[in-house]
$ cat structure-v9.cif   # mmCIF, C-alpha atoms and all ligand atoms
data_entry
loop_
_atom_site.label_atom_id
_atom_site.label_comp_id
_atom_site.auth_asym_id
_atom_site.auth_seq_id
_atom_site.Cartn_x
_atom_site.Cartn_y
_atom_site.Cartn_z
CA MET A 35 -1.55 -15.69 0.40
CA ASP A 36 -1.52 -19.08 2.01
CA ASP A 37 -0.30 -19.73 5.53
CA LEU A 38 2.16 -16.82 5.66
CA ARG A 39 4.45 -17.05 8.66
CA ILE A 40 7.09 -14.46 9.50
CA ARG A 41 9.72 -14.84 12.20
CA LEU A 42 12.18 -12.25 13.37
CA GLY A 43 15.02 -14.27 14.88
CA GLN A 44 13.24 -16.70 17.20
CA ARG A 45 10.12 -14.57 17.53
CA PRO A 46 7.04 -15.41 15.43
CA VAL A 47 5.34 -12.14 14.43
CA VAL A 48 2.93 -13.40 11.75
CA GLU A 49 1.43 -16.83 12.31
CA GLY A 50 -0.44 -18.52 9.50
CA LEU A 51 -2.09 -15.77 7.48
CA SER A 52 -4.25 -16.79 4.50
CA PHE A 53 -6.32 -14.49 2.32
CA ASP A 54 -6.99 -13.47 -1.27
CA VAL A 55 -7.37 -10.14 -2.97
CA GLU A 56 -9.13 -10.51 -6.30
CA ALA A 57 -8.37 -8.41 -9.37
CA GLY A 58 -10.09 -5.06 -9.11
CA GLU A 59 -10.95 -5.51 -5.45
CA ARG A 60 -10.22 -3.16 -2.54
CA VAL A 61 -9.59 -4.86 0.76
CA CYS A 62 -8.47 -3.36 4.03
CA LEU A 63 -6.15 -4.95 6.54
CA ILE A 64 -6.73 -3.50 9.95
CA GLY A 65 -5.24 -4.29 13.32
CA PRO A 66 -3.60 -2.69 16.33
CA SER A 67 -0.08 -1.36 16.32
CA GLY A 68 2.44 -4.20 16.32
CA SER A 69 -0.03 -6.79 14.97
CA GLY A 70 2.12 -7.51 11.91
CA LYS A 71 0.46 -5.39 9.22
CA SER A 72 3.61 -3.75 7.90
CA LEU A 73 5.62 -6.96 7.93
CA THR A 74 2.81 -8.61 5.95
CA ALA A 75 2.90 -5.70 3.50
CA GLY A 76 6.68 -6.07 3.31
CA ALA A 77 6.36 -9.78 2.54
CA ILE A 78 3.92 -9.08 -0.31
CA LEU A 79 6.26 -6.42 -1.72
CA GLY A 80 9.52 -8.31 -1.17
CA LEU A 81 10.71 -5.66 1.29
CA THR A 82 11.01 -7.40 4.65
CA PRO A 83 14.08 -6.75 6.84
CA PRO A 84 16.98 -9.17 6.22
CA ALA A 85 16.44 -10.79 9.63
CA ALA A 86 12.89 -11.82 8.73
CA ARG A 87 12.28 -15.44 7.86
CA ILE A 88 9.28 -15.88 5.58
CA ASP A 89 7.38 -19.16 5.16
CA GLY A 90 4.18 -20.00 3.34
CA THR A 91 3.01 -19.04 -0.12
CA ILE A 92 2.52 -15.59 -1.62
CA ARG A 93 1.30 -15.45 -5.20
CA LEU A 94 0.88 -12.35 -7.33
CA ASN A 95 -0.87 -12.98 -10.62
CA GLY A 96 -0.31 -16.66 -9.98
CA LEU A 97 3.46 -16.27 -9.65
CA GLU A 98 5.04 -17.46 -6.43
CA VAL A 99 7.03 -14.57 -4.94
CA GLY A 100 7.33 -15.51 -1.26
CA GLY A 101 11.11 -15.54 -1.06
CA LEU A 102 11.81 -13.04 -3.87
CA ARG A 103 13.15 -9.57 -3.10
CA ALA A 104 11.33 -6.70 -4.84
CA THR A 105 14.19 -6.03 -7.26
CA ARG A 106 14.27 -9.64 -8.47
CA ARG A 107 10.63 -9.95 -9.32
CA PRO A 108 9.33 -10.32 -12.84
CA ALA A 109 7.06 -7.53 -14.12
CA LEU A 110 3.90 -9.56 -13.64
CA ALA A 111 4.66 -10.07 -9.97
CA ARG A 112 5.30 -6.46 -9.09
CA ALA A 113 3.08 -4.69 -6.60
CA GLY A 114 2.96 -0.94 -6.16
CA MET A 115 3.50 0.56 -2.74
CA VAL A 116 2.44 3.64 -0.86
CA PHE A 117 3.67 4.30 2.67
CA GLN A 118 3.01 6.59 5.59
CA ASN A 119 6.42 8.25 5.45
CA THR A 120 6.51 10.09 2.14
CA GLN A 121 9.83 11.77 2.98
CA ALA A 122 11.53 8.39 3.12
CA ALA A 123 9.77 7.08 0.02
CA LEU A 124 11.12 9.70 -2.39
CA ASN A 125 14.65 10.90 -3.05
CA PRO A 126 14.96 14.59 -2.11
CA LEU A 127 18.00 15.01 -4.40
CA VAL A 128 16.19 13.91 -7.57
CA SER A 129 13.40 15.96 -9.15
CA VAL A 130 9.83 14.69 -9.02
CA GLY A 131 9.85 14.45 -12.83
CA ALA A 132 13.02 12.36 -12.99
CA GLN A 133 11.72 9.92 -10.37
CA LEU A 134 8.39 9.54 -12.12
CA ARG A 135 9.98 9.21 -15.59
CA GLU A 136 11.99 6.20 -14.48
CA PRO A 137 9.24 3.52 -14.59
CA PHE A 138 8.05 4.76 -18.00
CA LEU A 139 11.59 4.49 -19.39
CA ARG A 140 12.51 1.29 -17.60
CA PHE A 141 9.31 -0.75 -17.73
CA HIS A 142 7.29 0.63 -20.63
CA GLY A 143 9.98 1.46 -23.19
CA LEU A 144 8.87 5.06 -23.72
CA SER A 145 11.23 7.67 -25.14
CA ARG A 146 12.29 10.54 -22.88
CA ARG A 147 9.82 12.92 -24.50
CA GLU A 148 6.95 10.45 -24.27
CA ALA A 149 7.85 9.68 -20.66
CA GLN A 150 7.89 13.40 -19.87
CA ARG A 151 4.42 13.79 -21.31
CA ALA A 152 3.12 10.69 -19.52
CA VAL A 153 4.43 12.06 -16.20
CA VAL A 154 2.71 15.43 -16.61
CA ALA A 155 -0.55 13.69 -17.59
CA LEU A 156 -0.30 11.32 -14.61
CA LEU A 157 0.31 14.19 -12.17
CA GLY A 158 -2.74 15.92 -13.63
CA ARG A 159 -4.79 12.78 -12.90
CA MET A 160 -3.47 12.98 -9.34
CA MET A 161 -5.06 16.44 -9.14
CA ILE A 162 -1.72 18.15 -8.73
CA ALA A 163 -1.96 21.78 -9.80
CA GLU A 164 0.64 23.04 -12.30
CA PRO A 165 2.22 19.63 -12.99
CA GLU A 166 4.68 21.21 -15.48
CA ARG A 167 6.22 23.11 -12.60
CA VAL A 168 5.96 20.38 -10.00
CA VAL A 169 8.05 17.99 -12.11
CA ARG A 170 11.05 20.30 -11.71
CA ARG A 171 10.83 20.44 -7.92
CA SER A 172 12.45 18.29 -5.28
CA PRO A 173 9.99 16.15 -3.26
CA ALA A 174 11.29 18.06 -0.23
CA GLU A 175 9.68 21.25 -1.59
CA LEU A 176 6.20 19.71 -1.71
CA SER A 177 3.56 19.44 1.00
CA GLY A 178 2.90 16.06 2.62
CA GLY A 179 -0.30 15.70 0.61
CA GLN A 180 1.42 16.53 -2.68
CA ARG A 181 4.20 14.07 -1.85
CA GLN A 182 1.66 11.33 -1.17
CA ARG A 183 0.06 12.05 -4.58
CA VAL A 184 3.50 11.74 -6.16
CA CYS A 185 4.05 8.43 -4.33
CA LEU A 186 0.72 7.13 -5.63
CA ALA A 187 1.66 8.33 -9.13
CA LEU A 188 4.96 6.45 -8.84
CA ALA A 189 3.13 3.29 -7.78
CA LEU A 190 0.61 3.61 -10.64
CA ALA A 191 3.33 4.37 -13.19
CA CYS A 192 4.69 0.85 -12.67
CA ARG A 193 1.24 -0.47 -13.72
CA PRO A 194 1.02 -3.06 -10.97
CA SER A 195 -2.01 -5.32 -10.57
CA LEU A 196 -1.98 -4.61 -6.83
CA ILE A 197 -1.17 -1.56 -4.75
CA VAL A 198 -0.31 -2.05 -1.11
CA ALA A 199 -0.91 1.17 0.82
CA ASP A 200 0.45 0.98 4.37
CA GLU A 201 -1.21 3.71 6.46
CA PRO A 202 -1.02 6.16 3.54
CA THR A 203 -3.03 8.89 5.25
CA THR A 204 -1.86 8.59 8.87
CA ALA A 205 0.66 11.44 8.58
CA LEU A 206 -1.71 13.83 6.78
CA ASP A 207 -4.13 16.46 8.09
CA VAL A 208 -7.83 15.60 7.96
CA LEU A 209 -8.67 17.48 4.75
CA THR A 210 -5.68 16.08 2.91
CA GLN A 211 -6.56 12.60 4.19
CA ALA A 212 -9.97 12.88 2.56
CA GLU A 213 -8.38 13.99 -0.73
CA VAL A 214 -5.88 11.15 -0.78
CA LEU A 215 -8.65 8.65 0.05
CA SER A 216 -10.75 9.94 -2.86
CA LEU A 217 -7.75 9.65 -5.12
CA LEU A 218 -7.11 6.05 -4.03
CA ARG A 219 -10.76 5.36 -4.69
CA GLU A 220 -10.61 6.82 -8.19
CA THR A 221 -7.41 5.07 -9.20
CA THR A 222 -7.90 1.52 -7.87
CA GLY A 223 -10.44 -1.23 -7.61
CA THR A 224 -11.81 -1.54 -11.14
CA ALA A 225 -11.24 -3.98 -14.00
CA ASP A 226 -8.55 -1.77 -15.57
CA THR A 227 -6.96 -0.35 -12.41
CA PRO A 228 -4.96 -2.13 -9.72
CA ALA A 229 -6.52 -3.93 -6.77
CA LEU A 230 -5.83 -2.29 -3.41
CA LEU A 231 -4.73 -3.65 -0.07
CA PHE A 232 -5.35 -0.72 2.24
CA ILE A 233 -3.63 -1.00 5.61
CA SER A 234 -5.03 1.20 8.32
CA HIS A 235 -6.48 1.35 11.77
CA ASP A 236 -8.97 3.98 10.67
CA MET A 237 -12.31 2.22 10.27
CA ALA A 238 -13.97 5.35 8.83
CA ALA A 239 -11.29 5.68 6.12
CA ALA A 240 -11.46 1.95 5.38
CA SER A 241 -15.23 2.07 4.99
CA ARG A 242 -14.94 4.86 2.41
CA LEU A 243 -12.70 2.68 0.27
CA CYS A 244 -13.16 -1.01 0.90
CA GLU A 245 -15.97 -3.52 0.76
CA ARG A 246 -14.11 -6.23 2.60
CA ALA A 247 -11.92 -6.21 5.71
CA LEU A 248 -9.34 -8.47 7.29
CA VAL A 249 -8.68 -7.92 10.99
CA LEU A 250 -5.26 -8.89 12.27
CA ASP A 251 -4.28 -9.21 15.91
CA GLY A 252 -1.09 -10.69 17.28
CA GLY A 253 -0.05 -11.88 13.83
CA ARG A 254 -3.26 -13.83 13.25
CA LEU A 255 -6.40 -13.15 11.26
CA VAL A 256 -9.12 -12.82 13.89
CA GLU A 257 -12.06 -11.62 11.81
CA GLN A 258 -12.85 -11.08 8.15
CA GLY A 259 -15.78 -10.35 5.90
CA PRO A 260 -17.75 -7.51 4.35
CA LEU A 261 -16.80 -4.29 6.13
CA ALA A 262 -20.48 -3.35 6.49
CA ASP A 263 -21.09 -6.58 8.46
CA ILE A 264 -18.09 -5.97 10.71
CA ILE A 265 -19.25 -2.42 11.40
CA ALA A 266 -22.80 -3.66 12.12
CA ALA A 267 -21.69 -6.50 14.40
CA PRO A 268 -17.96 -6.57 15.20
CA GLN A 269 -16.87 -9.86 16.78
CA HIS A 270 -13.29 -9.38 17.88
CA ARG A 271 -12.23 -7.08 20.73
CA PHE A 272 -10.19 -4.80 18.47
CA SER A 273 -12.91 -4.50 15.81
CA ARG A 274 -15.41 -3.66 18.57
CA GLU A 275 -13.12 -0.90 19.85
CA LEU A 276 -12.68 0.57 16.35
CA VAL A 277 -16.40 0.47 15.63
CA ALA A 278 -17.16 2.06 19.01
CA ALA A 279 -14.69 4.84 18.12
CA LEU A 280 -16.73 5.55 14.96
CA GLY A 281 -19.42 6.94 17.26
P1 LIG A 301 2.15 -3.08 12.52
O1 LIG A 301 2.48 -2.58 11.15
O2 LIG A 301 0.88 -3.86 12.58
O3 LIG A 301 2.15 -1.99 13.54
P2 LIG A 301 4.66 -4.51 12.26
O4 LIG A 301 4.40 -5.45 11.16
O5 LIG A 301 5.46 -3.29 11.95
O6 LIG A 301 3.28 -4.10 12.98
O7 LIG A 301 5.43 -5.25 13.43
C1 LIG A 301 5.01 -6.50 13.98
C2 LIG A 301 5.94 -6.86 15.12
O8 LIG A 301 7.26 -7.08 14.62
C3 LIG A 301 6.09 -5.76 16.17
O9 LIG A 301 6.18 -6.38 17.43
C4 LIG A 301 7.36 -5.06 15.80
O10 LIG A 301 7.97 -4.52 16.94
C5 LIG A 301 8.20 -6.18 15.20
N1 LIG A 301 9.10 -5.67 14.15
C6 LIG A 301 8.70 -5.11 13.00
N2 LIG A 301 9.76 -4.77 12.22
C7 LIG A 301 10.85 -5.12 12.92
C8 LIG A 301 12.27 -5.04 12.70
N3 LIG A 301 12.75 -4.53 11.57
N4 LIG A 301 13.10 -5.51 13.66
C9 LIG A 301 12.59 -6.03 14.80
N5 LIG A 301 11.30 -6.13 15.09
C10 LIG A 301 10.42 -5.69 14.17
MG MG A 302 2.77 -0.65 10.43
#

$ encode --input "structure-v9.cif" --output "structure tokens"
Amino acid sequence: MDDLRIRLGQRPVVEGLSFDVEAGERVCLIGPSGSGKSLTAGAILGLTPPAARIDGTIRLNGLEVGGLRATRRPALARAGMVFQNTQAALNPLVSVGAQLREPFLRFHGLSRREAQRAVVALLGRMMIAEPERVVRRSPAELSGGQRQRVCLALALACRPSLIVADEPTTALDVLTQAEVLSLLRETTGTADTPALLFISHDMAAASRLCERALVLDGGRLVEQGPLADIIAAPQHRFSRELVAALG
């Protein structure tokens, strides 16, 4: 990302953001509420509100995608996404299996039977008990933690080179948070799994997942570097507050 600027009407909300996420890397983007994290995520994914004006360069796998909506992007420039609100991310009227089958049919050319099998195997990898039964359920019948596992499965099924996870554990109870963090850890950040941009204001969660951190405040990058260094000696006011909260 090079010099990303986002305006909503006349109001600048992201002002000149530049950073890289390398293949197989896990990076966290942290910052206070309203600092522009979700709009930045939206710009990477091609999912910003229509009123947003995006300038600057965003490249995924070397392909420029800055102005391209998610649905218009070529396969190589697709990023997977995981959000806080799992209710809104899945269709309650379509079974878990049917939603998860879709990327296998659409992007990987599998037959229905093969897709079915791939879905059950993927849900097993997500540590979902009884995947053969879960595929027949509506997302509305699952717990928040199960739904977030399904959302991660959906993101992984598209085989993106990057997953953007925008506060994926904020809505979950503490135990489920830990499980989803472990799962993110196991499924991203290696040579043959996607890179991860983990958006959070939970320093403890970030430090379990990411080596490197970007700190955003007021739409600008105010601090960045190895997370261990930031925790040892935070420079910016917000990083200091988060580190102090770690106790
Ligand atoms: P964060 O995710 O860091 O909490 P956001 O990226 O959601 O922050 O928002 C950055 C700023 O842009 C905030 O001031 C927010 O109120 C504003 N904003 C975000 N989305 C919209 C929208 N759809 N319409 C108007 N303002 C928005
Ligand atoms: Mg947000």

$ closest_atom_pairs --input "structure-v9.cif" --of "stretch 142-235 of chain A" --to "stretch 245-263 of chain A" --cutoff "10 Å" --atoms "all atoms listed in the file" --output "Markdown table"
| residue | atom | partner | partner_atom | distance |
| --- | --- | --- | --- | --- |
| A:Leu231 | CA | A:Ala247 | CA | 9.6 |
| A:Phe232 | CA | A:Ala247 | CA | 9.2 |
| A:Ile233 | CA | A:Leu248 | CA | 9.6 |
| A:His235 | CA | A:Val249 | CA | 9.6 |

$ residues_around --input "structure-v9.cif" --residues "A:Leu81" --least-positions-apart "4" --cutoff "10 Å" --atoms "all atoms listed in the file" --output "MDAnalysis selection string"
chainID A and resid 72:77 86 102:105

$ closest_atom_pairs --input "structure-v9.cif" --of "chain A" --to "ligand LIG 301 (chain A)" --cutoff "7 Å" --atoms "only C-alpha atoms and all ligand atoms" --output "tab-separated table"
residue	atom	partner	partner_atom	distance
A:Leu42	CA	A:LIG301	C9	6.4
A:Val47	CA	A:LIG301	C2	5.4
A:Gly65	CA	A:LIG301	O2	6.2
A:Pro66	CA	A:LIG301	O2	6.0
A:Ser67	CA	A:LIG301	O3	3.6
A:Gly68	CA	A:LIG301	O6	3.4
A:Ser69	CA	A:LIG301	O2	3.9
A:Gly70	CA	A:LIG301	O4	3.2
A:Lys71	CA	A:LIG301	O2	3.7
A:Ser72	CA	A:LIG301	O1	3.6
A:Leu73	CA	A:LIG301	O4	3.8
A:Thr74	CA	A:LIG301	O4	6.3
A:Pro83	CA	A:LIG301	N3	5.4

$ closest_residue --input "structure-v9.cif" --among "A:Met160, A:Leu215, A:Ala199, A:Leu209" --to "ligand MG 302 (chain A)" --atoms "all atoms listed in the file"
A:Ala199

$ residues_near_point --input "structure-v9.cif" --point "(-4.5, 12.8, -1.1)" --cutoff "8 Å" --atoms "all atoms listed in the file" --output "list in words"
Gly179, Gln180, Gln182, Arg183, Thr203, Thr210, Gln211, Ala212, Glu213, Val214, Leu215, Ser216, Leu217 and Leu218 of chain A

$ atom_distance --input "structure-v9.cif" --atom1 "atom CA of A:Val153" --atom2 "atom CA of A:Val208"
27.3 Å

$ atom_distance --input "structure-v9.cif" --atom1 "atom CA of A:Arg107" --atom2 "atom CA of A:Leu38"
18.5 Å

$ closest_atom_pairs --input "structure-v9.cif" --of "stretch 66-153 of chain A" --to "stretch 186-194 of chain A" --cutoff "7 Å" --atoms "all atoms listed in the file" --output "CSV"
residue,atom,partner,partner_atom,distance
A:Arg112,CA,A:Pro194,CA,5.8
A:Ala113,CA,A:Pro194,CA,5.1
A:Gly114,CA,A:Ala189,CA,4.5
A:Met115,CA,A:Ala189,CA,5.7
A:Val116,CA,A:Leu186,CA,6.2
A:Leu134,CA,A:Leu188,CA,5.7
A:Pro137,CA,A:Cys192,CA,5.6
A:Phe138,CA,A:Ala191,CA,6.8

$ write_last_selection --input "structure-v9.cif" --atoms "C-alpha atoms" --output "short mmCIF file (atom, residue, chain, number, x, y, z; two decimals), in the coordinates of the input"
data_model
loop_
_atom_site.label_atom_id
_atom_site.label_comp_id
_atom_site.auth_asym_id
_atom_site.auth_seq_id
_atom_site.Cartn_x
_atom_site.Cartn_y
_atom_site.Cartn_z
CA ARG A 112 5.30 -6.46 -9.09
CA ALA A 113 3.08 -4.69 -6.60
CA GLY A 114 2.96 -0.94 -6.16
CA MET A 115 3.50 0.56 -2.74
CA VAL A 116 2.44 3.64 -0.86
CA LEU A 134 8.39 9.54 -12.12
CA PRO A 137 9.24 3.52 -14.59
CA PHE A 138 8.05 4.76 -18.00
#

$ atom_distance --input "structure-v9.cif" --atom1 "atom CA of A:Ala267" --atom2 "atom CA of A:Cys62"
17.1 Å
